[in-house]
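To keep things clear, I will list the structure first and then write my remarks on it.
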Amino acid sequence: LASLENLKFRYEIVLQPSQYTWPIFIVIFSFFFLKEKITIRNIIAVILGFLGVFVVLTKGNLEAVNLNNLSTDFIVLFAASVFGLFSVLSKKADFEPFSATTLFFLSATLFSFITMLLFSHFATPSKNELIPILSNGIFINGFSYIFWLKGLSYAKASFVAPFVFTTPIFAAILIILFFQEAFLPVYFFGLILVIFAGLVSK
């Protein structure tokens, strides 16, 4: 059991920091598609933010990082790049956030339905599964996308990107509050890095 938990921990360490490369892709794509100028401050902010996320997600255990599963890493990086591209191209769409989110989710629903028919099958969720699924769809995806698109409409994509790195910081705080996980000093260090990233990006 201990070996399985250790394996799971090592897998998550590699996967989660890779997921948070999409702010880096936002900065890169904003240069090509939005003609935004990439400054030294943007680069430093992204580096500091990613380091903050990396420290929090690994809990300071840098030796546990494993890059042997390159196929998984590539898939996660590709997914991160796609979401980075989505964020950048969303700024080019002349839609207010509510309409844009509705159109995005309608097209995603159609595509997901087609891929489900091709590669899987429909399964009716149980009562216990339904609440997390609806919460995920309404709050984690629905409202968060609206606020994200609204934020992108107020500033340059390369400026907004580093603030994404606050996500795992807030997640760590919520885990501590609701699941009684021990507070690690490394969380505070990661928070400082992310705060500096936000200050530098201004």
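Identifiers in the structure tokens: chain A, B, ... in order shown; residue index from 1 per chain; ligand index from 1 in order shown.
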Rows by chain and residue number, range 93-170 of chain A within 7 Å of range 23-35 of chain A, shortest pair, only C-alpha atoms, as CSV:
residue,atom,partner,partner_atom,distance
A:Ala157,CA,A:Ser30,CA,6.3
A:Ser158,CA,A:Val27,CA,4.6
A:Ala161,CA,A:Pro23,CA,4.8
A:Pro162,CA,A:Pro23,CA,6.3
A:Val164,CA,A:Pro23,CA,6.8
- Figure out the distance between CA of Asn61 in chain A and CA of Ala171 in chain A, please, to one decimal in Å. 18.1 Å
- Just list the residues in range 102-173 of chain A DSSP gives alpha helix (DSSP H) on the backbone, as a count of residues only. 49
- Exercise: range 51-54 of chain A partners within 8 Å, only C-alpha atoms, chain neighbours under 5 positions left out, as number ranges by chain: A: 17, 20, 165-166, 168-169, 189-194
Quick one: write out the picked residues with N, CA and C atoms as a PDB file, in the first residue's frame?
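Wrote it out as out36.pdb, contents follow:
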ATOM      1  N   PRO A  17       2.715  19.882 -12.321  1.00  0.00           N
ATOM      2  CA  PRO A  17       3.485  21.028 -12.813  1.00  0.00           C
ATOM      3  C   PRO A  17       3.416  21.169 -14.328  1.00  0.00           C
ATOM      4  N   TYR A  20       0.514  23.192 -15.460  1.00  0.00           N
ATOM      5  CA  TYR A  20       0.600  24.636 -15.251  1.00  0.00           C
ATOM      6  C   TYR A  20       1.640  25.300 -16.145  1.00  0.00           C
ATOM      7  N   PHE A 165      -1.025  31.175 -11.756  1.00  0.00           N
ATOM      8  CA  PHE A 165      -0.217  30.393 -10.823  1.00  0.00           C
ATOM      9  C   PHE A 165      -0.718  30.474  -9.385  1.00  0.00           C
ATOM     10  N   THR A 166      -1.700  31.334  -9.123  1.00  0.00           N
ATOM     11  CA  THR A 166      -2.282  31.376  -7.776  1.00  0.00           C
ATOM     12  C   THR A 166      -3.223  30.196  -7.533  1.00  0.00           C
ATOM     13  N   PRO A 168      -2.994  26.730  -7.658  1.00  0.00           N
ATOM     14  CA  PRO A 168      -2.610  25.686  -6.700  1.00  0.00           C
ATOM     15  C   PRO A 168      -2.354  26.225  -5.299  1.00  0.00           C
ATOM     16  N   ILE A 169      -2.036  27.519  -5.198  1.00  0.00           N
ATOM     17  CA  ILE A 169      -1.858  28.116  -3.874  1.00  0.00           C
ATOM     18  C   ILE A 169      -3.191  28.112  -3.131  1.00  0.00           C
ATOM     19  N   PHE A 189       6.533  29.813   1.040  1.00  0.00           N
ATOM     20  CA  PHE A 189       7.579  30.190   0.084  1.00  0.00           C
ATOM     21  C   PHE A 189       7.015  30.240  -1.336  1.00  0.00           C
ATOM     22  N   GLY A 190       6.192  29.245  -1.678  1.00  0.00           N
ATOM     23  CA  GLY A 190       5.563  29.232  -2.996  1.00  0.00           C
ATOM     24  C   GLY A 190       4.641  30.418  -3.185  1.00  0.00           C
ATOM     25  N   LEU A 191       3.902  30.774  -2.124  1.00  0.00           N
ATOM     26  CA  LEU A 191       3.003  31.924  -2.187  1.00  0.00           C
ATOM     27  C   LEU A 191       3.779  33.211  -2.437  1.00  0.00           C
ATOM     28  N   ILE A 192       4.916  33.352  -1.782  1.00  0.00           N
ATOM     29  CA  ILE A 192       5.749  34.545  -1.970  1.00  0.00           C
ATOM     30  C   ILE A 192       6.216  34.647  -3.423  1.00  0.00           C
ATOM     31  N   LEU A 193       6.630  33.519  -3.993  1.00  0.00           N
ATOM     32  CA  LEU A 193       7.073  33.518  -5.385  1.00  0.00           C
ATOM     33  C   LEU A 193       5.948  33.939  -6.324  1.00  0.00           C
ATOM     34  N   VAL A 194       4.746  33.426  -6.072  1.00  0.00           N
ATOM     35  CA  VAL A 194       3.606  33.761  -6.924  1.00  0.00           C
ATOM     36  C   VAL A 194       3.228  35.234  -6.775  1.00  0.00           C
TER      37      VAL A 194
END
- Query: Leaving out range 153-155 of chain A and any residue of its chain fewer than 4 positions from it, which residues lie within 10 Å of it when counting only C-alpha atoms, given as a list in words?
  - Reply: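 That gives Ser90, Lys91, Lys92, Asp94, Phe95, Glu96, Pro97, Phe147, Trp148, Leu149, Phe159 and Val160 of chain A.
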- Best match for closeness to Phe188 in chain A among A:Gly60, A:Ser112, A:Ala80, A:Leu117, counting only C-alpha atoms: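 Among the listed residues, A:Gly60 lies closest to Phe188 in chain A.
Picture a line from CA of Tyr187 in chain A to CA of Val56 in chain A; it runs 5.4 Å.
Comparing the minimum interatomic distances between Val55 in chain A and each of A:Leu184, A:Leu130, A:Ala197, A:Leu89, counting only C-alpha atoms, we find that A:Leu184 sits nearest.
Within 8 Å of Gly198 in chain A, once only C-alpha atoms are used and residues closer than 2 positions along the same chain are dropped, the contacting residues are Ala45, Gly49, Pro162, Phe163, Val194, Ile195, Phe196, Val200, Ser201 and Lys202 of chain A.
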- Which residue gives the smallest distance to Gly84 in chain A among A:Leu152, A:Leu199, A:Ile133, A:Leu110, with only C-alpha atoms counted?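 The closest residue to Gly84 in chain A is A:Leu152.
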- CA of Thr21 in chain A and CA of Phe50 in chain A, how far apart in Å?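 Separating CA of Phe50 in chain A from CA of Thr21 in chain A is a distance of 7.4 Å.
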